[in-house]
$ cat structure-v6.txt   # compact mmCIF, C-alpha atoms
# COMPACT_ATOMS: atom_id res chain seq x y z
CA MET A 1 59.22 95.22 105.17
CA SER A 2 62.62 96.76 104.40
CA SER A 3 64.12 96.64 100.91
CA ARG A 4 66.91 94.20 100.05
CA ILE A 5 69.68 96.14 98.31
CA ASP A 6 72.89 94.58 96.90
CA LEU A 7 75.33 97.20 95.60
CA HIS A 8 78.24 95.16 94.18
CA THR A 9 77.84 92.47 91.48
CA HIS A 10 79.56 91.33 88.29
CA SER A 11 78.35 90.00 84.94
CA THR A 12 80.00 88.64 81.81
CA ALA A 13 80.82 92.26 80.91
CA SER A 14 83.80 91.63 83.22
CA ASP A 15 84.53 88.46 85.21
CA GLY A 16 81.09 87.24 86.26
CA THR A 17 79.48 84.11 84.81
CA LEU A 18 75.92 85.44 84.24
CA THR A 19 75.09 87.83 81.41
CA PRO A 20 73.67 91.20 82.53
CA ALA A 21 70.17 89.97 81.58
CA GLU A 22 70.61 86.71 83.52
CA LEU A 23 71.99 88.65 86.49
CA VAL A 24 68.99 90.96 86.85
CA ARG A 25 66.61 88.00 86.54
CA ALA A 26 68.60 86.11 89.20
CA ALA A 27 68.46 89.19 91.46
CA ALA A 28 64.66 89.29 91.21
CA GLU A 29 64.48 85.55 91.91
CA ALA A 30 66.72 86.06 94.96
CA GLY A 31 64.19 88.55 96.32
CA LEU A 32 66.27 91.68 95.84
CA ASP A 33 64.62 95.07 95.41
CA VAL A 34 67.71 96.92 94.15
CA LEU A 35 70.84 95.64 92.42
CA ALA A 36 74.00 97.50 91.42
CA LEU A 37 75.85 96.23 88.35
CA THR A 38 79.52 97.05 88.97
CA ASP A 39 81.67 95.31 86.38
CA HIS A 40 85.41 95.95 86.38
CA ASP A 41 86.35 99.16 84.56
CA THR A 42 83.41 99.01 82.13
CA THR A 43 79.83 100.13 81.57
CA ALA A 44 79.34 97.59 78.75
CA GLY A 45 76.63 95.64 80.60
CA TRP A 46 74.43 98.62 81.49
CA ALA A 47 72.15 98.73 78.46
CA SER A 48 71.32 95.01 78.35
CA ALA A 49 70.70 94.97 82.14
CA VAL A 50 68.25 97.87 81.81
CA ARG A 51 66.45 96.20 78.88
CA ALA A 52 66.05 92.94 80.82
CA LEU A 53 64.96 94.44 84.17
CA PRO A 54 62.15 92.39 85.72
CA PRO A 55 59.15 94.30 87.17
CA GLY A 56 59.86 95.79 90.59
CA LEU A 57 63.67 95.57 90.45
CA GLY A 58 65.72 98.78 90.65
CA LEU A 59 69.10 98.92 88.92
CA VAL A 60 71.97 101.13 90.03
CA ARG A 61 74.38 101.45 87.12
CA GLY A 62 78.00 101.44 88.24
CA ALA A 63 81.50 100.05 87.83
CA GLU A 64 84.30 98.72 90.02
CA ILE A 65 87.36 100.77 89.15
CA SER A 66 90.89 99.37 89.43
CA CYS A 67 92.90 101.85 91.50
CA ARG A 68 96.23 102.06 93.25
CA TRP A 69 97.61 104.05 96.16
CA PHE A 70 101.14 105.20 95.38
CA GLY A 71 101.89 106.43 98.91
CA THR A 72 103.94 103.35 99.74
CA GLU A 73 106.37 101.06 97.91
CA PRO A 74 105.22 98.90 96.26
CA ALA A 75 101.92 100.68 95.58
CA VAL A 76 98.77 99.10 97.03
CA PRO A 77 96.03 98.00 94.60
CA LEU A 78 92.48 98.79 95.66
CA HIS A 79 88.98 98.97 94.20
CA LEU A 80 86.55 101.84 94.02
CA LEU A 81 82.85 101.24 93.44
CA ALA A 82 81.49 104.10 91.33
CA TYR A 83 77.73 104.53 91.17
CA LEU A 84 75.43 106.43 88.78
CA PHE A 85 78.17 108.31 86.90
CA ASP A 86 77.84 109.66 83.36
CA PRO A 87 79.14 106.86 81.10
CA ASP A 88 80.13 109.43 78.47
CA ALA A 89 82.27 111.66 80.72
CA PRO A 90 85.35 111.92 78.46
CA GLU A 91 88.15 111.84 81.04
CA LEU A 92 86.69 108.89 82.94
CA VAL A 93 85.91 107.03 79.69
CA ALA A 94 89.53 107.47 78.56
CA GLU A 95 90.97 106.21 81.86
CA LEU A 96 88.70 103.16 81.95
CA ALA A 97 89.64 102.32 78.34
CA ARG A 98 93.33 102.58 79.25
CA VAL A 99 92.87 100.25 82.24
CA ARG A 100 90.92 97.69 80.20
CA ALA A 101 93.62 97.65 77.50
CA ALA A 102 96.29 97.18 80.18
CA ARG A 103 94.31 94.30 81.74
CA GLU A 104 94.21 92.57 78.37
CA GLU A 105 97.92 93.07 77.81
CA ARG A 106 98.67 91.72 81.31
CA GLY A 107 96.46 88.67 80.65
CA GLU A 108 98.37 87.90 77.46
CA ARG A 109 101.71 88.22 79.29
CA ILE A 110 100.54 85.89 82.10
CA VAL A 111 99.49 83.29 79.50
CA ALA A 112 102.91 83.62 77.82
CA LEU A 113 104.59 82.90 81.19
CA LEU A 114 102.38 79.84 81.73
CA ARG A 115 103.08 78.56 78.21
CA ALA A 116 106.83 79.11 78.67
CA ASP A 117 106.59 76.66 81.59
CA GLY A 118 104.87 74.09 79.37
CA ILE A 119 101.33 74.79 80.62
CA ASP A 120 98.91 74.34 77.75
CA VAL A 121 96.56 77.31 77.95
CA SER A 122 95.41 79.29 74.92
CA TRP A 123 95.18 83.08 74.83
CA PRO A 124 92.66 83.11 71.93
CA GLU A 125 90.47 80.67 73.90
CA ILE A 126 90.69 82.86 77.03
CA LEU A 127 89.79 85.97 75.01
CA ALA A 128 86.84 84.10 73.50
CA GLY A 129 85.77 83.05 77.01
CA ALA A 130 85.72 86.70 78.06
CA ALA A 131 83.25 87.28 75.19
CA GLY A 132 84.24 90.91 74.77
CA GLY A 133 84.12 91.62 78.50
CA THR A 134 86.97 93.09 80.54
CA VAL A 135 89.62 90.34 80.75
CA GLY A 136 90.73 89.39 84.26
CA ARG A 137 92.60 86.65 86.08
CA PRO A 138 89.33 84.70 86.66
CA HIS A 139 89.21 84.09 82.89
CA ILE A 140 92.72 82.57 83.05
CA ALA A 141 91.65 80.61 86.14
CA GLN A 142 88.84 79.05 84.07
CA ALA A 143 91.39 77.93 81.47
CA LEU A 144 93.49 76.30 84.21
CA ILE A 145 90.36 74.52 85.49
CA ARG A 146 89.45 73.34 81.96
CA ALA A 147 93.02 72.00 81.57
CA GLY A 148 92.57 69.99 84.78
CA LEU A 149 95.48 71.79 86.48
CA VAL A 150 93.42 73.20 89.36
CA ALA A 151 89.98 72.30 90.71
CA THR A 152 88.64 75.73 91.68
CA THR A 153 89.08 79.44 91.09
CA ASN A 154 90.37 79.73 94.66
CA GLU A 155 93.10 77.18 93.92
CA ALA A 156 93.99 79.03 90.71
CA PHE A 157 94.47 82.19 92.77
CA GLY A 158 96.85 80.37 95.17
CA PRO A 159 100.61 81.12 95.37
CA ASP A 160 101.61 78.36 92.91
CA TRP A 161 99.47 79.90 90.21
CA LEU A 162 97.90 83.31 89.63
CA GLY A 163 98.28 84.51 93.22
CA GLU A 164 102.06 84.71 93.15
CA ARG A 165 104.10 82.64 90.71
CA TYR A 166 102.22 83.86 87.62
CA ARG A 167 101.00 87.17 88.97
CA LEU A 168 101.90 90.38 87.15
CA PRO A 169 101.04 93.94 88.22
CA LYS A 170 98.41 95.77 86.23
CA GLU A 171 98.05 99.42 85.30
CA ASP A 172 95.58 101.12 87.60
CA ILE A 173 94.29 104.65 88.20
CA ASP A 174 95.72 106.68 91.07
CA VAL A 175 92.98 106.47 93.70
CA PHE A 176 92.82 110.24 94.33
CA HIS A 177 92.49 110.84 90.58
CA ALA A 178 89.79 108.16 90.36
CA VAL A 179 87.70 109.69 93.17
CA ARG A 180 87.88 113.10 91.50
CA LEU A 181 87.03 111.67 88.06
CA VAL A 182 83.97 109.82 89.41
CA ARG A 183 82.72 112.95 91.18
CA ALA A 184 83.36 115.08 88.09
CA ALA A 185 81.21 112.57 86.13
CA GLY A 186 78.36 113.04 88.62
CA GLY A 187 79.02 109.68 90.26
CA VAL A 188 79.31 108.52 93.85
CA PRO A 189 82.56 106.70 94.86
CA VAL A 190 82.58 104.03 97.59
CA PHE A 191 85.73 102.15 98.69
CA ALA A 192 85.25 98.39 98.09
CA HIS A 193 86.17 95.93 100.90
CA PRO A 194 88.75 98.36 102.42
CA ARG A 195 89.87 96.08 105.31
CA ALA A 196 89.93 92.71 103.53
CA THR A 197 93.30 91.53 104.86
CA ARG A 198 92.72 88.08 103.35
CA ARG A 199 93.01 89.73 99.90
CA GLY A 200 96.45 91.15 100.70
CA ARG A 201 97.75 94.51 101.84
CA ILE A 202 95.31 97.13 103.06
CA VAL A 203 95.66 100.90 103.24
CA PRO A 204 95.86 102.91 106.49
CA ASP A 205 92.81 104.69 107.89
CA ALA A 206 94.64 107.99 107.37
CA LEU A 207 94.49 107.45 103.60
CA ILE A 208 90.71 106.88 103.76
CA ALA A 209 90.38 110.12 105.74
CA GLU A 210 92.34 111.93 102.99
CA LEU A 211 90.14 110.40 100.29
CA ALA A 212 87.06 111.61 102.16
CA THR A 213 88.34 115.18 101.81
CA VAL A 214 88.50 114.85 97.99
CA GLY A 215 85.08 113.24 97.56
CA LEU A 216 85.00 109.61 98.75
CA ALA A 217 81.36 109.02 99.76
CA GLY A 218 81.36 105.68 101.52
CA LEU A 219 82.94 102.42 102.66
CA GLU A 220 81.79 98.88 101.93
CA ALA A 221 81.67 97.18 105.35
CA ASP A 222 79.56 94.03 104.99
CA HIS A 223 81.48 91.90 102.51
CA GLU A 224 82.38 88.20 102.37
CA ASP A 225 86.11 88.97 102.69
CA HIS A 226 85.74 91.03 105.89
CA SER A 227 85.90 89.34 109.28
CA PRO A 228 83.42 90.55 111.95
CA ALA A 229 86.23 92.65 113.48
CA GLU A 230 87.08 94.18 110.08
CA ARG A 231 83.40 95.03 109.48
CA ALA A 232 83.20 96.72 112.87
CA HIS A 233 86.38 98.69 112.14
CA VAL A 234 85.00 99.94 108.80
CA ARG A 235 81.70 100.96 110.39
CA ALA A 236 83.47 102.90 113.13
CA LEU A 237 85.75 104.65 110.64
CA ALA A 238 82.82 105.57 108.40
CA GLY A 239 81.04 106.96 111.45
CA GLU A 240 84.06 109.12 112.36
CA LEU A 241 84.38 110.46 108.81
CA GLY A 242 80.67 110.88 108.08
CA LEU A 243 80.80 108.35 105.24
CA VAL A 244 77.97 106.12 104.10
CA VAL A 245 78.26 102.38 104.92
CA THR A 246 77.33 99.75 102.33
CA GLY A 247 77.04 95.98 102.25
CA SER A 248 76.98 93.71 99.24
CA SER A 249 77.65 90.25 97.86
CA ASP A 250 80.37 91.01 95.26
CA PHE A 251 78.59 88.27 93.32
CA HIS A 252 80.52 86.73 90.42
CA GLY A 253 78.31 83.72 89.64
CA THR A 254 80.06 80.36 89.74
CA HIS A 255 83.52 81.97 90.13
CA LYS A 256 82.65 82.42 93.82
CA THR A 257 80.34 80.63 96.26
CA VAL A 258 78.77 83.83 97.62
CA ARG A 259 75.08 84.31 96.78
CA LEU A 260 73.25 87.39 95.58
CA GLY A 261 72.00 89.38 98.56
CA ALA A 262 74.40 87.61 100.95
CA HIS A 263 75.15 91.09 102.36
CA THR A 264 72.98 94.12 101.84
CA THR A 265 72.88 97.90 102.17
CA THR A 266 70.35 99.80 104.29
CA GLU A 267 67.68 101.91 102.61
CA GLU A 268 69.08 105.01 104.34
CA ALA A 269 72.59 104.44 102.92
CA TYR A 270 71.17 103.69 99.47
CA GLU A 271 69.07 106.85 99.48
CA ARG A 272 72.15 108.91 100.40
CA ILE A 273 74.05 107.51 97.42
CA VAL A 274 71.18 108.19 95.02
CA ALA A 275 70.75 111.73 96.39
CA GLU A 276 74.44 112.53 95.80
CA ALA A 277 74.44 111.31 92.19
CA SER A 278 73.97 113.53 89.14
CA GLY A 279 75.48 111.40 86.37
CA VAL A 280 73.00 109.00 84.73
CA THR A 281 69.31 109.65 85.20
CA GLY A 282 68.77 108.03 88.58
CA VAL A 283 67.94 104.40 89.16
CA ALA A 284 66.37 102.34 86.37
CA TYR A 285 63.28 100.33 87.33
CA GLY A 286 61.75 97.25 85.75

$ encode --input "structure-v6.txt" --output "structure tokens"
Amino acid sequence: MSSRIDLHTHSTASDGTLTPAELVRAAAEAGLDVLALTDHDTTAGWASAVRALPPGLGLVRGAEISCRWFGTEPAVPLHLLAYLFDPDAPELVAELARVRAAREERGERIVALLRADGIDVSWPEILAGAAGGTVGRPHIAQALIRAGLVATTNEAFGPDWLGERYRLPKEDIDVFHAVRLVRAAGGVPVFAHPRATRRGRIVPDALIAELATVGLAGLEADHEDHSPAERAHVRALAGELGLVVTGSSDFHGTHKTVRLGAHTTTEEAYERIVAEASGVTGVAYG
């Protein structure tokens, strides 16, 4: 029987609703063999996930890095999944800290805009809700839900709210710089949901080809936000460029309806990623 491998999930260390310990237990209950913990711009959940690993579950330690491509105006935000990098690599640590601080500052500014329009949301309450994790718009969305202003996270991310009217740009890492930093830290960078047009603007294939020349290792094809045609496009592009193809749930707990293991990565692709990594000591096993 083939392994079930999910390489993109979030915990309360960023904008997921399960703690790292709860997440690894849920992964085992969902019948997964390998799980990647990829919180936004942080490694804060790694240690507790490793401590709580159930028997038989492998953990790939990673992060989802907030990046931007500055080759067009305005710049295009995108996400890079970084696997098995050294969490103490000084340059990468400094950049991730900068991005987290900028996320927090942006969150506070969004709340100020909402409050200026008479919307009763509390920044201290939102910070407390993030419980020390990387603050993101989903935390503000939860405050809007608690206030009875929207029913769901999806609604909160609509144009009347955080999707447009109260959306502010955030500081991100130049994507070329991010790929190089991840590789320098012994990690393996994979482009998250690269064709997800429903999330907004996407980058041209030519950019992905350029990123492959500086160290991009793979493309996430099987993802909830990709249509069948978009998945096929990503697979074909990865084939042309010799990149690994991954699939994953991008699980956030109750913030999204997608289940753990909804999309998975092949053993062959997973083994390629592990073989290319030299940052943390391999995959942790429970």

$ closest_residue --input "structure-v6.txt" --among "A:Ser278, A:Thr43, A:Thr9, A:Gln142" --to "Val121 in chain A" --atoms "all atoms listed in the file"
A:Gln142

$ axis_aligned_box --input "structure-v6.txt" --around "range 249-265 of chain A" --padding-each-side "5 Å" --output "AutoDock Vina command-line options"
--center_x 77.8 --center_y 89.1 --center_z 96.0 --size_x 21.5 --size_y 27.5 --size_z 22.7

$ atom_distance --input "structure-v6.txt" --atom1 "CA of Gly215 in chain A" --atom2 "CA of Ala236 in chain A"
18.8 Å

$ closest_residue --input "structure-v6.txt" --among "A:Glu224, A:Glu210, A:Asp15, A:Asp172" --to "Ser66 in chain A" --atoms "all atoms listed in the file"
A:Asp172

$ atom_distance --input "structure-v6.txt" --atom1 "CA of Gly45 in chain A" --atom2 "CA of Val179 in chain A"
21.9 Å

$ residues_near_point --input "structure-v6.txt" --point "(72.2, 84.6, 83.1)" --cutoff "12 Å" --atoms "only C-alpha atoms" --output "VMD selection string"
chain A and resid 10 to 13 16 to 27 29 48 to 49 52 252 to 254

$ residues_near_point --input "structure-v6.txt" --point "(93.0, 82.8, 89.7)" --cutoff "7 Å" --atoms "all atoms listed in the file" --output "JSON, numbers by chain"
{"A": [137, 138, 140, 141, 153, 154, 156, 157, 162, 163]}

$ residues_around --input "structure-v6.txt" --residues "Ala206 in chain A" --least-positions-apart "4" --cutoff "12 Å" --atoms "all atoms listed in the file" --output "count of residues only"
9

$ closest_residue --input "structure-v6.txt" --among "A:Pro55, A:Gly31, A:Pro77, A:Gly118" --to "Asp174 in chain A" --atoms "all atoms listed in the file"
A:Pro77

$ closest_residue --input "structure-v6.txt" --among "A:Asp88, A:Ala82, A:Tyr166, A:Pro194" --to "Glu108 in chain A" --atoms "only C-alpha atoms"
A:Tyr166

$ atom_distance --input "structure-v6.txt" --atom1 "CA of Tyr270 in chain A" --atom2 "CA of His233 in chain A"
20.4 Å

$ residues_around --input "structure-v6.txt" --residues "Ala112 in chain A" --least-positions-apart "4" --cutoff "12 Å" --atoms "all atoms listed in the file" --output "PDB file with C-alpha atoms, in the coordinates of the input"
ATOM      1  CA  GLU A 105      97.920  93.070  77.810  1.00  0.00           C
ATOM      2  CA  ARG A 106      98.670  91.720  81.310  1.00  0.00           C
ATOM      3  CA  GLY A 107      96.460  88.670  80.650  1.00  0.00           C
ATOM      4  CA  GLU A 108      98.370  87.900  77.460  1.00  0.00           C
ATOM      5  CA  ALA A 116     106.830  79.110  78.670  1.00  0.00           C
ATOM      6  CA  ASP A 117     106.590  76.660  81.590  1.00  0.00           C
ATOM      7  CA  GLY A 118     104.870  74.090  79.370  1.00  0.00           C
ATOM      8  CA  ILE A 119     101.330  74.790  80.620  1.00  0.00           C
ATOM      9  CA  ASP A 120      98.910  74.340  77.750  1.00  0.00           C
ATOM     10  CA  VAL A 121      96.560  77.310  77.950  1.00  0.00           C
ATOM     11  CA  SER A 122      95.410  79.290  74.920  1.00  0.00           C
ATOM     12  CA  TRP A 123      95.180  83.080  74.830  1.00  0.00           C
ATOM     13  CA  PRO A 124      92.660  83.110  71.930  1.00  0.00           C
ATOM     14  CA  ILE A 140      92.720  82.570  83.050  1.00  0.00           C
ATOM     15  CA  TYR A 166     102.220  83.860  87.620  1.00  0.00           C
ATOM     16  CA  ARG A 167     101.000  87.170  88.970  1.00  0.00           C
ATOM     17  CA  LEU A 168     101.900  90.380  87.150  1.00  0.00           C
TER      18      LEU A 168
END

$ closest_residue --input "structure-v6.txt" --among "A:Leu37, A:Ser2, A:Ala232, A:Gly186" --to "Leu53 in chain A" --atoms "all atoms listed in the file"
A:Leu37

$ residues_around --input "structure-v6.txt" --residues "range 187-193 of chain A" --least-positions-apart "2" --cutoff "6 Å" --atoms "only C-alpha atoms" --output "list in words"
His79, Leu80, Leu81, Ala82, Tyr83, Leu84, Phe85, Val182, Arg183, Ala185, Arg195, Ala196, Leu216, Ala217, Gly218, Leu219, Glu220, Ala277 and Gly279 of chain A

$ closest_residue --input "structure-v6.txt" --among "A:Asp33, A:Arg100, A:Val60, A:Ser14" --to "Leu260 in chain A" --atoms "all atoms listed in the file"
A:Asp33

$ build_atoms --input "structure-v6.txt" --residues "range 131-152 of chain A" --atoms "N, CA, C and O atoms" --output "mmCIF file, keeping the file's coordinate frame"
data_model
loop_
_atom_site.group_PDB
_atom_site.id
_atom_site.type_symbol
_atom_site.label_atom_id
_atom_site.label_comp_id
_atom_site.auth_asym_id
_atom_site.auth_seq_id
_atom_site.Cartn_x
_atom_site.Cartn_y
_atom_site.Cartn_z
ATOM 1 N N ALA A 131 84.381 86.864 76.040
ATOM 2 C CA ALA A 131 83.250 87.280 75.190
ATOM 3 C C ALA A 131 83.127 88.795 75.077
ATOM 4 O O ALA A 131 82.039 89.346 75.147
ATOM 5 N N GLY A 132 84.272 89.460 74.942
ATOM 6 C CA GLY A 132 84.240 90.910 74.770
ATOM 7 C C GLY A 132 84.211 91.678 76.083
ATOM 8 O O GLY A 132 84.288 92.899 76.094
ATOM 9 N N GLY A 133 84.104 90.962 77.199
ATOM 10 C CA GLY A 133 84.120 91.620 78.500
ATOM 11 C C GLY A 133 85.536 91.972 78.920
ATOM 12 O O GLY A 133 86.512 91.573 78.276
ATOM 13 N N THR A 134 85.660 92.729 80.010
ATOM 14 C CA THR A 134 86.970 93.090 80.540
ATOM 15 C C THR A 134 87.688 91.824 80.998
ATOM 16 O O THR A 134 87.181 91.082 81.822
ATOM 17 N N VAL A 135 88.880 91.570 80.447
ATOM 18 C CA VAL A 135 89.620 90.340 80.750
ATOM 19 C C VAL A 135 90.261 90.456 82.133
ATOM 20 O O VAL A 135 90.897 91.464 82.452
ATOM 21 N N GLY A 136 90.111 89.404 82.939
ATOM 22 C CA GLY A 136 90.730 89.390 84.260
ATOM 23 C C GLY A 136 91.315 88.020 84.564
ATOM 24 O O GLY A 136 91.145 87.067 83.792
ATOM 25 N N ARG A 137 92.008 87.941 85.696
ATOM 26 C CA ARG A 137 92.600 86.650 86.080
ATOM 27 C C ARG A 137 91.571 85.519 86.203
ATOM 28 O O ARG A 137 91.908 84.358 85.940
ATOM 29 N N PRO A 138 90.295 85.811 86.612
ATOM 30 C CA PRO A 138 89.330 84.700 86.660
ATOM 31 C C PRO A 138 89.144 83.995 85.318
ATOM 32 O O PRO A 138 88.867 82.797 85.272
ATOM 33 N N HIS A 139 89.320 84.730 84.205
ATOM 34 C CA HIS A 139 89.210 84.090 82.890
ATOM 35 C C HIS A 139 90.374 83.106 82.681
ATOM 36 O O HIS A 139 90.190 82.041 82.089
ATOM 37 N N ILE A 140 91.561 83.475 83.158
ATOM 38 C CA ILE A 140 92.720 82.570 83.050
ATOM 39 C C ILE A 140 92.523 81.389 84.003
ATOM 40 O O ILE A 140 92.846 80.244 83.678
ATOM 41 N N ALA A 141 91.948 81.681 85.176
ATOM 42 C CA ALA A 141 91.650 80.610 86.140
ATOM 43 C C ALA A 141 90.745 79.557 85.511
ATOM 44 O O ALA A 141 90.948 78.346 85.688
ATOM 45 N N GLN A 142 89.747 79.996 84.733
ATOM 46 C CA GLN A 142 88.840 79.050 84.070
ATOM 47 C C GLN A 142 89.593 78.158 83.091
ATOM 48 O O GLN A 142 89.296 76.967 82.969
ATOM 49 N N ALA A 143 90.585 78.722 82.413
ATOM 50 C CA ALA A 143 91.390 77.930 81.470
ATOM 51 C C ALA A 143 92.208 76.867 82.224
ATOM 52 O O ALA A 143 92.353 75.738 81.753
ATOM 53 N N LEU A 144 92.726 77.259 83.396
ATOM 54 C CA LEU A 144 93.490 76.300 84.210
ATOM 55 C C LEU A 144 92.583 75.175 84.719
ATOM 56 O O LEU A 144 92.993 74.014 84.803
ATOM 57 N N ILE A 145 91.324 75.528 85.054
ATOM 58 C CA ILE A 145 90.360 74.520 85.490
ATOM 59 C C ILE A 145 90.031 73.577 84.334
ATOM 60 O O ILE A 145 90.034 72.349 84.488
ATOM 61 N N ARG A 146 89.767 74.171 83.144
ATOM 62 C CA ARG A 146 89.450 73.340 81.960
ATOM 63 C C ARG A 146 90.592 72.392 81.626
ATOM 64 O O ARG A 146 90.371 71.276 81.157
ATOM 65 N N ALA A 147 91.844 72.840 81.862
ATOM 66 C CA ALA A 147 93.020 72.000 81.570
ATOM 67 C C ALA A 147 93.248 70.941 82.656
ATOM 68 O O ALA A 147 94.174 70.130 82.533
ATOM 69 N N GLY A 148 92.442 70.975 83.707
ATOM 70 C CA GLY A 148 92.570 69.990 84.780
ATOM 71 C C GLY A 148 93.744 70.250 85.712
ATOM 72 O O GLY A 148 94.155 69.373 86.474
ATOM 73 N N LEU A 149 94.293 71.468 85.676
ATOM 74 C CA LEU A 149 95.480 71.790 86.480
ATOM 75 C C LEU A 149 95.106 72.233 87.896
ATOM 76 O O LEU A 149 95.898 72.083 88.831
ATOM 77 N N VAL A 150 93.942 72.812 88.045
ATOM 78 C CA VAL A 150 93.420 73.200 89.360
ATOM 79 C C VAL A 150 91.937 72.831 89.383
ATOM 80 O O VAL A 150 91.311 72.672 88.330
ATOM 81 N N ALA A 151 91.390 72.709 90.601
ATOM 82 C CA ALA A 151 89.980 72.300 90.710
ATOM 83 C C ALA A 151 89.034 73.491 90.826
ATOM 84 O O ALA A 151 87.880 73.408 90.406
ATOM 85 N N THR A 152 89.526 74.590 91.404
ATOM 86 C CA THR A 152 88.640 75.730 91.680
ATOM 87 C C THR A 152 89.330 77.049 91.362
ATOM 88 O O THR A 152 90.560 77.112 91.248
#
